[in-house]
file data22.cif (mmCIF, N, CA and C atoms)
data_data
#
loop_
_atom_site.group_PDB
_atom_site.id
_atom_site.type_symbol
_atom_site.label_atom_id
_atom_site.label_comp_id
_atom_site.auth_asym_id
_atom_site.auth_seq_id
_atom_site.Cartn_x
_atom_site.Cartn_y
_atom_site.Cartn_z
ATOM 1 N N MET A 1 102.957 -96.718 189.283
ATOM 2 C CA MET A 1 102.029 -97.720 189.779
ATOM 3 C C MET A 1 102.711 -99.079 189.690
ATOM 4 N N LEU A 2 102.886 -99.733 190.819
ATOM 5 C CA LEU A 2 103.490 -101.060 190.866
ATOM 6 C C LEU A 2 102.397 -102.095 191.091
ATOM 7 N N ASN A 3 102.491 -103.215 190.381
ATOM 8 C CA ASN A 3 101.465 -104.250 190.461
ATOM 9 C C ASN A 3 102.064 -105.621 190.739
ATOM 10 N N PRO A 4 102.453 -105.895 191.977
ATOM 11 C CA PRO A 4 102.892 -107.264 192.272
ATOM 12 C C PRO A 4 101.667 -108.180 192.329
ATOM 13 N N HIS A 5 101.824 -109.421 191.933
ATOM 14 C CA HIS A 5 100.673 -110.327 191.958
ATOM 15 C C HIS A 5 101.145 -111.772 192.064
ATOM 16 N N ARG A 6 100.172 -112.641 192.249
ATOM 17 C CA ARG A 6 100.429 -114.074 192.303
ATOM 18 C C ARG A 6 99.662 -114.745 191.179
ATOM 19 N N ASN A 7 100.331 -115.683 190.548
ATOM 20 C CA ASN A 7 99.710 -116.461 189.477
ATOM 21 C C ASN A 7 99.564 -117.909 189.920
ATOM 22 N N TRP A 8 98.419 -118.485 189.593
ATOM 23 C CA TRP A 8 98.202 -119.908 189.843
ATOM 24 C C TRP A 8 98.264 -120.613 188.502
ATOM 25 N N TYR A 9 99.212 -121.535 188.381
ATOM 26 C CA TYR A 9 99.359 -122.308 187.155
ATOM 27 C C TYR A 9 98.675 -123.656 187.345
ATOM 28 N N ARG A 10 97.564 -123.841 186.614
ATOM 29 C CA ARG A 10 96.727 -125.038 186.788
ATOM 30 C C ARG A 10 97.448 -126.316 186.375
ATOM 31 N N LYS A 11 98.164 -126.227 185.255
ATOM 32 C CA LYS A 11 98.791 -127.431 184.714
ATOM 33 C C LYS A 11 99.814 -128.019 185.695
ATOM 34 N N SER A 12 100.642 -127.179 186.278
ATOM 35 C CA SER A 12 101.648 -127.664 187.225
ATOM 36 C C SER A 12 101.173 -127.547 188.675
ATOM 37 N N GLU A 13 100.002 -126.949 188.874
ATOM 38 C CA GLU A 13 99.428 -126.736 190.197
ATOM 39 C C GLU A 13 100.422 -126.050 191.136
ATOM 40 N N GLN A 14 100.939 -124.918 190.664
ATOM 41 C CA GLN A 14 101.896 -124.145 191.452
ATOM 42 C C GLN A 14 101.468 -122.695 191.526
ATOM 43 N N LEU A 15 101.793 -122.092 192.648
ATOM 44 C CA LEU A 15 101.551 -120.672 192.862
ATOM 45 C C LEU A 15 102.875 -119.938 192.645
ATOM 46 N N SER A 16 102.846 -118.888 191.867
ATOM 47 C CA SER A 16 104.066 -118.126 191.571
ATOM 48 C C SER A 16 103.845 -116.656 191.922
ATOM 49 N N THR A 17 104.823 -116.077 192.603
ATOM 50 C CA THR A 17 104.744 -114.671 192.976
ATOM 51 C C THR A 17 105.516 -113.832 191.965
ATOM 52 N N GLU A 18 104.889 -112.809 191.442
ATOM 53 C CA GLU A 18 105.528 -111.892 190.500
ATOM 54 C C GLU A 18 105.886 -110.601 191.234
ATOM 55 N N VAL A 19 107.123 -110.213 191.127
ATOM 56 C CA VAL A 19 107.652 -109.049 191.828
ATOM 57 C C VAL A 19 107.494 -107.809 190.956
ATOM 58 N N ALA A 20 107.129 -106.697 191.558
ATOM 59 C CA ALA A 20 107.078 -105.412 190.848
ATOM 60 C C ALA A 20 108.374 -104.670 191.168
ATOM 61 N N ILE A 21 109.034 -104.145 190.130
ATOM 62 C CA ILE A 21 110.323 -103.474 190.304
ATOM 63 C C ILE A 21 110.239 -102.064 189.738
ATOM 64 N N LEU A 22 110.741 -101.119 190.503
ATOM 65 C CA LEU A 22 110.879 -99.741 190.049
ATOM 66 C C LEU A 22 112.360 -99.385 190.129
ATOM 67 N N SER A 23 112.996 -99.167 188.973
ATOM 68 C CA SER A 23 114.429 -98.847 188.933
ATOM 69 C C SER A 23 114.627 -97.386 188.575
ATOM 70 N N THR A 24 115.425 -96.709 189.376
ATOM 71 C CA THR A 24 115.836 -95.344 189.074
ATOM 72 C C THR A 24 117.350 -95.285 189.220
ATOM 73 N N TRP A 25 117.959 -94.160 188.912
ATOM 74 C CA TRP A 25 119.411 -94.049 189.024
ATOM 75 C C TRP A 25 119.852 -94.025 190.482
ATOM 76 N N ARG A 26 118.929 -93.729 191.397
ATOM 77 C CA ARG A 26 119.274 -93.663 192.821
ATOM 78 C C ARG A 26 119.056 -94.972 193.564
ATOM 79 N N HIS A 27 118.025 -95.748 193.167
ATOM 80 C CA HIS A 27 117.720 -96.968 193.902
ATOM 81 C C HIS A 27 116.837 -97.896 193.067
ATOM 82 N N ASP A 28 116.741 -99.138 193.524
ATOM 83 C CA ASP A 28 115.782 -100.101 192.994
ATOM 84 C C ASP A 28 114.797 -100.432 194.110
ATOM 85 N N LEU A 29 113.526 -100.390 193.790
ATOM 86 C CA LEU A 29 112.469 -100.700 194.747
ATOM 87 C C LEU A 29 111.802 -102.003 194.308
ATOM 88 N N TYR A 30 111.793 -102.997 195.189
ATOM 89 C CA TYR A 30 111.154 -104.278 194.920
ATOM 90 C C TYR A 30 109.935 -104.392 195.816
ATOM 91 N N LEU A 31 108.785 -104.672 195.220
ATOM 92 C CA LEU A 31 107.534 -104.815 195.963
ATOM 93 C C LEU A 31 106.996 -106.222 195.713
ATOM 94 N N ILE A 32 106.834 -106.981 196.807
ATOM 95 C CA ILE A 32 106.418 -108.377 196.700
ATOM 96 C C ILE A 32 105.112 -108.566 197.462
ATOM 97 N N LEU A 33 104.169 -109.215 196.828
ATOM 98 C CA LEU A 33 102.914 -109.555 197.485
ATOM 99 C C LEU A 33 103.174 -110.770 198.370
ATOM 100 N N ALA A 34 103.200 -110.553 199.694
ATOM 101 C CA ALA A 34 103.575 -111.618 200.627
ATOM 102 C C ALA A 34 102.392 -112.511 200.993
ATOM 103 N N GLY A 35 101.201 -111.946 201.060
ATOM 104 C CA GLY A 35 100.059 -112.775 201.431
ATOM 105 C C GLY A 35 98.747 -112.039 201.302
ATOM 106 N N LEU A 36 97.684 -112.826 201.172
ATOM 107 C CA LEU A 36 96.310 -112.310 201.118
ATOM 108 C C LEU A 36 95.499 -113.006 202.193
ATOM 109 N N ASP A 37 94.549 -112.272 202.789
ATOM 110 C CA ASP A 37 93.652 -112.936 203.727
ATOM 111 C C ASP A 37 92.602 -113.714 202.920
ATOM 112 N N PRO A 38 91.946 -114.663 203.551
ATOM 113 C CA PRO A 38 90.983 -115.500 202.813
ATOM 114 C C PRO A 38 89.848 -114.721 202.158
ATOM 115 N N GLU A 39 89.426 -113.601 202.749
ATOM 116 C CA GLU A 39 88.343 -112.822 202.139
ATOM 117 C C GLU A 39 88.843 -111.961 200.981
ATOM 118 N N GLY A 40 90.126 -111.781 200.866
ATOM 119 C CA GLY A 40 90.684 -110.970 199.783
ATOM 120 C C GLY A 40 90.601 -109.478 200.036
ATOM 121 N N GLU A 41 90.379 -109.066 201.273
ATOM 122 C CA GLU A 41 90.263 -107.646 201.596
ATOM 123 C C GLU A 41 91.571 -107.025 202.051
ATOM 124 N N LYS A 42 92.457 -107.844 202.628
ATOM 125 C CA LYS A 42 93.721 -107.334 203.144
ATOM 126 C C LYS A 42 94.872 -108.074 202.481
ATOM 127 N N ALA A 43 95.949 -107.336 202.323
ATOM 128 C CA ALA A 43 97.143 -107.926 201.734
ATOM 129 C C ALA A 43 98.364 -107.468 202.515
ATOM 130 N N SER A 44 99.379 -108.300 202.519
ATOM 131 C CA SER A 44 100.654 -107.903 203.128
ATOM 132 C C SER A 44 101.728 -107.910 202.041
ATOM 133 N N PHE A 45 102.638 -106.971 202.176
ATOM 134 C CA PHE A 45 103.685 -106.795 201.172
ATOM 135 C C PHE A 45 105.058 -106.803 201.825
ATOM 136 N N LYS A 46 106.040 -107.194 201.062
ATOM 137 C CA LYS A 46 107.435 -107.023 201.455
ATOM 138 C C LYS A 46 108.025 -105.986 200.513
ATOM 139 N N VAL A 47 108.729 -105.038 201.107
ATOM 140 C CA VAL A 47 109.321 -103.962 200.320
ATOM 141 C C VAL A 47 110.824 -103.959 200.567
ATOM 142 N N TYR A 48 111.596 -103.983 199.471
ATOM 143 C CA TYR A 48 113.056 -103.910 199.554
ATOM 144 C C TYR A 48 113.522 -102.694 198.778
ATOM 145 N N LEU A 49 114.358 -101.900 199.402
ATOM 146 C CA LEU A 49 114.927 -100.728 198.752
ATOM 147 C C LEU A 49 116.445 -100.929 198.687
ATOM 148 N N ASN A 50 116.959 -101.068 197.483
ATOM 149 C CA ASN A 50 118.398 -101.261 197.278
ATOM 150 C C ASN A 50 118.973 -100.003 196.654
ATOM 151 N N PRO A 51 119.749 -99.227 197.416
ATOM 152 C CA PRO A 51 120.278 -97.969 196.883
ATOM 153 C C PRO A 51 121.456 -98.192 195.934
ATOM 154 N N LEU A 52 121.573 -97.307 194.952
ATOM 155 C CA LEU A 52 122.715 -97.205 194.042
ATOM 156 C C LEU A 52 123.007 -98.463 193.232
ATOM 157 N N VAL A 53 121.990 -99.255 192.907
ATOM 158 C CA VAL A 53 122.194 -100.463 192.111
ATOM 159 C C VAL A 53 122.647 -100.113 190.702
ATOM 160 N N SER A 54 122.088 -99.066 190.118
ATOM 161 C CA SER A 54 122.460 -98.712 188.744
ATOM 162 C C SER A 54 123.917 -98.300 188.643
ATOM 163 N N TRP A 55 124.505 -97.829 189.745
ATOM 164 C CA TRP A 55 125.918 -97.455 189.716
ATOM 165 C C TRP A 55 126.799 -98.672 189.481
ATOM 166 N N PHE A 56 126.399 -99.859 189.897
ATOM 167 C CA PHE A 56 127.163 -101.071 189.597
ATOM 168 C C PHE A 56 127.205 -101.312 188.096
ATOM 169 N N TRP A 57 126.077 -101.135 187.431
ATOM 170 C CA TRP A 57 126.036 -101.334 185.982
ATOM 171 C C TRP A 57 126.899 -100.300 185.268
ATOM 172 N N TRP A 58 126.777 -99.040 185.665
ATOM 173 C CA TRP A 58 127.598 -97.998 185.042
ATOM 174 C C TRP A 58 129.082 -98.234 185.309
ATOM 175 N N GLY A 59 129.416 -98.699 186.512
ATOM 176 C CA GLY A 59 130.807 -99.005 186.829
ATOM 177 C C GLY A 59 131.356 -100.116 185.958
ATOM 178 N N GLY A 60 130.551 -101.133 185.693
ATOM 179 C CA GLY A 60 130.967 -102.222 184.802
ATOM 180 C C GLY A 60 131.199 -101.742 183.384
ATOM 181 N N ILE A 61 130.327 -100.854 182.905
ATOM 182 C CA ILE A 61 130.484 -100.307 181.554
ATOM 183 C C ILE A 61 131.751 -99.471 181.465
ATOM 184 N N VAL A 62 132.007 -98.644 182.477
ATOM 185 C CA VAL A 62 133.217 -97.814 182.483
ATOM 186 C C VAL A 62 134.470 -98.687 182.509
ATOM 187 N N MET A 63 134.449 -99.776 183.295
ATOM 188 C CA MET A 63 135.606 -100.669 183.349
ATOM 189 C C MET A 63 135.848 -101.352 182.003
ATOM 190 N N CYS A 64 134.788 -101.772 181.324
ATOM 191 C CA CYS A 64 134.941 -102.406 180.006
ATOM 192 C C CYS A 64 135.504 -101.412 178.993
ATOM 193 N N LEU A 65 134.985 -100.190 178.996
ATOM 194 C CA LEU A 65 135.499 -99.181 178.074
ATOM 195 C C LEU A 65 136.958 -98.850 178.373
ATOM 196 N N GLY A 66 137.322 -98.798 179.657
ATOM 197 C CA GLY A 66 138.712 -98.565 180.032
ATOM 198 C C GLY A 66 139.617 -99.685 179.556
ATOM 199 N N GLY A 67 139.144 -100.929 179.660
ATOM 200 C CA GLY A 67 139.918 -102.072 179.174
ATOM 201 C C GLY A 67 140.143 -102.014 177.676
ATOM 202 N N VAL A 68 139.112 -101.637 176.932
ATOM 203 C CA VAL A 68 139.247 -101.498 175.478
ATOM 204 C C VAL A 68 140.206 -100.361 175.153
ATOM 205 N N LEU A 69 140.114 -99.273 175.872
ATOM 206 C CA LEU A 69 140.985 -98.121 175.636
ATOM 207 C C LEU A 69 142.451 -98.473 175.884
ATOM 208 N N VAL A 70 142.721 -99.268 176.908
ATOM 209 C CA VAL A 70 144.094 -99.666 177.214
ATOM 210 C C VAL A 70 144.656 -100.577 176.117
ATOM 211 N N LEU A 71 143.810 -101.386 175.506
ATOM 212 C CA LEU A 71 144.275 -102.318 174.483
ATOM 213 C C LEU A 71 144.520 -101.667 173.136
ATOM 214 N N LEU A 72 144.000 -100.470 172.917
ATOM 215 C CA LEU A 72 144.211 -99.787 171.642
ATOM 216 C C LEU A 72 145.664 -99.326 171.525
ATOM 217 N N PRO A 73 146.245 -99.402 170.314
ATOM 218 C CA PRO A 73 147.626 -98.930 170.160
ATOM 219 C C PRO A 73 147.690 -97.419 170.295
ATOM 220 N N ARG A 74 148.790 -96.959 170.898
ATOM 221 C CA ARG A 74 148.959 -95.524 171.089
ATOM 222 C C ARG A 74 149.578 -94.914 169.841
ATOM 223 N N PRO A 75 149.056 -93.792 169.375
ATOM 224 C CA PRO A 75 149.687 -93.127 168.227
ATOM 225 C C PRO A 75 151.000 -92.488 168.657
ATOM 226 N N ARG A 76 152.013 -92.597 167.814
ATOM 227 C CA ARG A 76 153.308 -91.992 168.125
ATOM 228 C C ARG A 76 153.414 -90.654 167.423
ATOM 229 N N LYS A 77 153.999 -89.701 168.124
ATOM 230 C CA LYS A 77 154.169 -88.379 167.544
ATOM 231 C C LYS A 77 155.427 -88.367 166.701
ATOM 232 N N ALA A 78 155.426 -87.568 165.639
ATOM 233 C CA ALA A 78 156.565 -87.507 164.718
ATOM 234 C C ALA A 78 157.810 -86.990 165.428
ATOM 235 N N ALA A 79 157.693 -86.004 166.302
ATOM 236 C CA ALA A 79 158.858 -85.449 167.001
ATOM 237 C C ALA A 79 159.449 -86.500 167.935
ATOM 238 N N HIS A 80 158.606 -87.256 168.585
ATOM 239 C CA HIS A 80 159.083 -88.286 169.499
ATOM 240 C C HIS A 80 159.810 -89.379 168.730
ATOM 241 N N ARG A 81 159.289 -89.765 167.587
ATOM 242 C CA ARG A 81 159.910 -90.795 166.777
ATOM 243 C C ARG A 81 161.255 -90.314 166.247
ATOM 244 N N GLY A 82 161.326 -89.047 165.838
ATOM 245 C CA GLY A 82 162.578 -88.490 165.330
ATOM 246 C C GLY A 82 163.634 -88.414 166.413
ATOM 247 N N ALA A 83 163.254 -88.079 167.616
ATOM 248 C CA ALA A 83 164.206 -87.991 168.723
ATOM 249 C C ALA A 83 164.743 -89.370 169.064
ATOM 250 N N ALA A 84 163.899 -90.376 168.989
ATOM 251 C CA ALA A 84 164.345 -91.731 169.309
ATOM 252 C C ALA A 84 165.355 -92.220 168.273
ATOM 253 N N THR A 85 165.125 -91.957 166.996
ATOM 254 C CA THR A 85 166.072 -92.409 165.971
ATOM 255 C C THR A 85 167.360 -91.609 166.037
ATOM 256 N N ALA A 86 167.289 -90.322 166.375
ATOM 257 C CA ALA A 86 168.505 -89.513 166.495
ATOM 258 C C ALA A 86 169.335 -90.003 167.678
ATOM 259 N N GLY A 87 168.679 -90.362 168.780
ATOM 260 C CA GLY A 87 169.389 -90.891 169.943
ATOM 261 C C GLY A 87 170.047 -92.220 169.636
ATOM 262 N N ALA A 88 169.371 -93.070 168.887
ATOM 263 C CA ALA A 88 169.949 -94.360 168.513
ATOM 264 C C ALA A 88 171.150 -94.160 167.603
ATOM 265 N N ARG A 89 171.059 -93.204 166.684
ATOM 266 C CA ARG A 89 172.175 -92.895 165.792
ATOM 267 C C ARG A 89 173.382 -92.401 166.574
ATOM 268 N N CYS A 90 173.137 -91.558 167.570
ATOM 269 C CA CYS A 90 174.202 -91.014 168.399
ATOM 270 C C CYS A 90 174.906 -92.129 169.169
ATOM 271 N N LEU A 91 174.129 -93.052 169.745
ATOM 272 C CA LEU A 91 174.718 -94.169 170.479
ATOM 273 C C LEU A 91 175.499 -95.085 169.547
ATOM 274 N N ARG A 92 174.997 -95.286 168.343
ATOM 275 C CA ARG A 92 175.684 -96.134 167.376
ATOM 276 C C ARG A 92 177.010 -95.512 166.964
ATOM 277 N N ASP A 93 177.006 -94.190 166.728
ATOM 278 C CA ASP A 93 178.243 -93.508 166.330
ATOM 279 C C ASP A 93 179.260 -93.528 167.458
ATOM 280 N N ARG A 94 178.821 -93.365 168.698
ATOM 281 C CA ARG A 94 179.746 -93.384 169.817
ATOM 282 C C ARG A 94 180.359 -94.780 169.986
ATOM 283 N N GLY A 95 179.559 -95.807 169.748
ATOM 284 C CA GLY A 95 180.050 -97.178 169.844
ATOM 285 C C GLY A 95 181.116 -97.460 168.787
ATOM 286 N N ASP A 96 180.946 -96.867 167.583
ATOM 287 C CA ASP A 96 181.945 -97.054 166.521
ATOM 288 C C ASP A 96 183.257 -96.388 166.889
ATOM 289 N N ARG A 97 183.202 -95.239 167.524
ATOM 290 C CA ARG A 97 184.418 -94.526 167.888
ATOM 291 C C ARG A 97 185.185 -95.226 168.995
ATOM 292 N N GLU A 98 184.437 -95.826 169.940
ATOM 293 C CA GLU A 98 185.082 -96.483 171.060
ATOM 294 C C GLU A 98 185.688 -97.814 170.663
ATOM 295 N N GLY A 99 185.090 -98.481 169.675
ATOM 296 C CA GLY A 99 185.533 -99.818 169.314
ATOM 297 C C GLY A 99 186.631 -99.813 168.364
#
call {"tool": "encode", "arguments": {"input": "data22.cif", "output": "structure tokens"}}
result
Amino acid sequence: MLNPHRNWYRKSEQLSTEVAILSTWRHDLYLILAGLDPEGEKASFKVYLNPLVSWFWWGGIVMCLGGVLVLLPRPRKAAHRGAATAGARCLRDRGDREG
């Protein structure tokens, strides 16, 4: 049940329209009370249907999590670290022999 309405603020003497929103994972539905006839028997509405709005929010969350994941330090494996030091030792020994 959506309830769009208009409020009259006496102090500022302004009319304000309140929008009714229905959000689902597939779309956002906006229902706006556009006008009333003087007798109050008929009303006109504006309806906006915006598809896939929630996917923008989920996409932003995924991008933020991906950014945090990229900034985390990568754990090094013991075998990889050992191979790197053995390779450096080999290059150092070869340099001593050539020089």
call {"tool": "resolve_selection", "arguments": {"input": "data22.cif", "expression": "the PyMOL selection byres (((chain A and resi 43 and name CA) around 12) and name CA)", "output": "list of chain:residue names"}}
result
A:Pro4, A:His5, A:Arg6, A:Ile32, A:Leu33, A:Ala34, A:Gly35, A:Leu36, A:Asp37, A:Pro38, A:Glu39, A:Gly40, A:Glu41, A:Lys42, A:Ser44, A:Phe45, A:Lys46
call {"tool": "atom_distance", "arguments": {"input": "data22.cif", "atom1": "atom N of Ser23 in chain A", "atom2": "atom C of Tyr9 in chain A"}}
result
28.4 Å
call {"tool": "resolve_selection", "arguments": {"input": "data22.cif", "expression": "the PyMOL selection byres (((chain A and resi 22 and name CA) around 12) and name CA)", "output": "list in words"}}
result
Met1, Leu2, Asn3, Pro4, Val19, Ala20, Ile21, Ser23, Thr24, Trp25, Arg26, His27, Asp28, Leu29, Tyr30, Leu31, Ile32, Val47, Tyr48, Leu49, Asn50, Pro51, Val53 and Ser54 of chain A
call {"tool": "atom_distance", "arguments": {"input": "data22.cif", "atom1": "atom N of Lys77 in chain A", "atom2": "atom N of Leu65 in chain A"}}
result
24.3 Å
call {"tool": "atom_distance", "arguments": {"input": "data22.cif", "atom1": "CA of Ile61 in chain A", "atom2": "CA of Arg76 in chain A"}}
result
27.8 Å
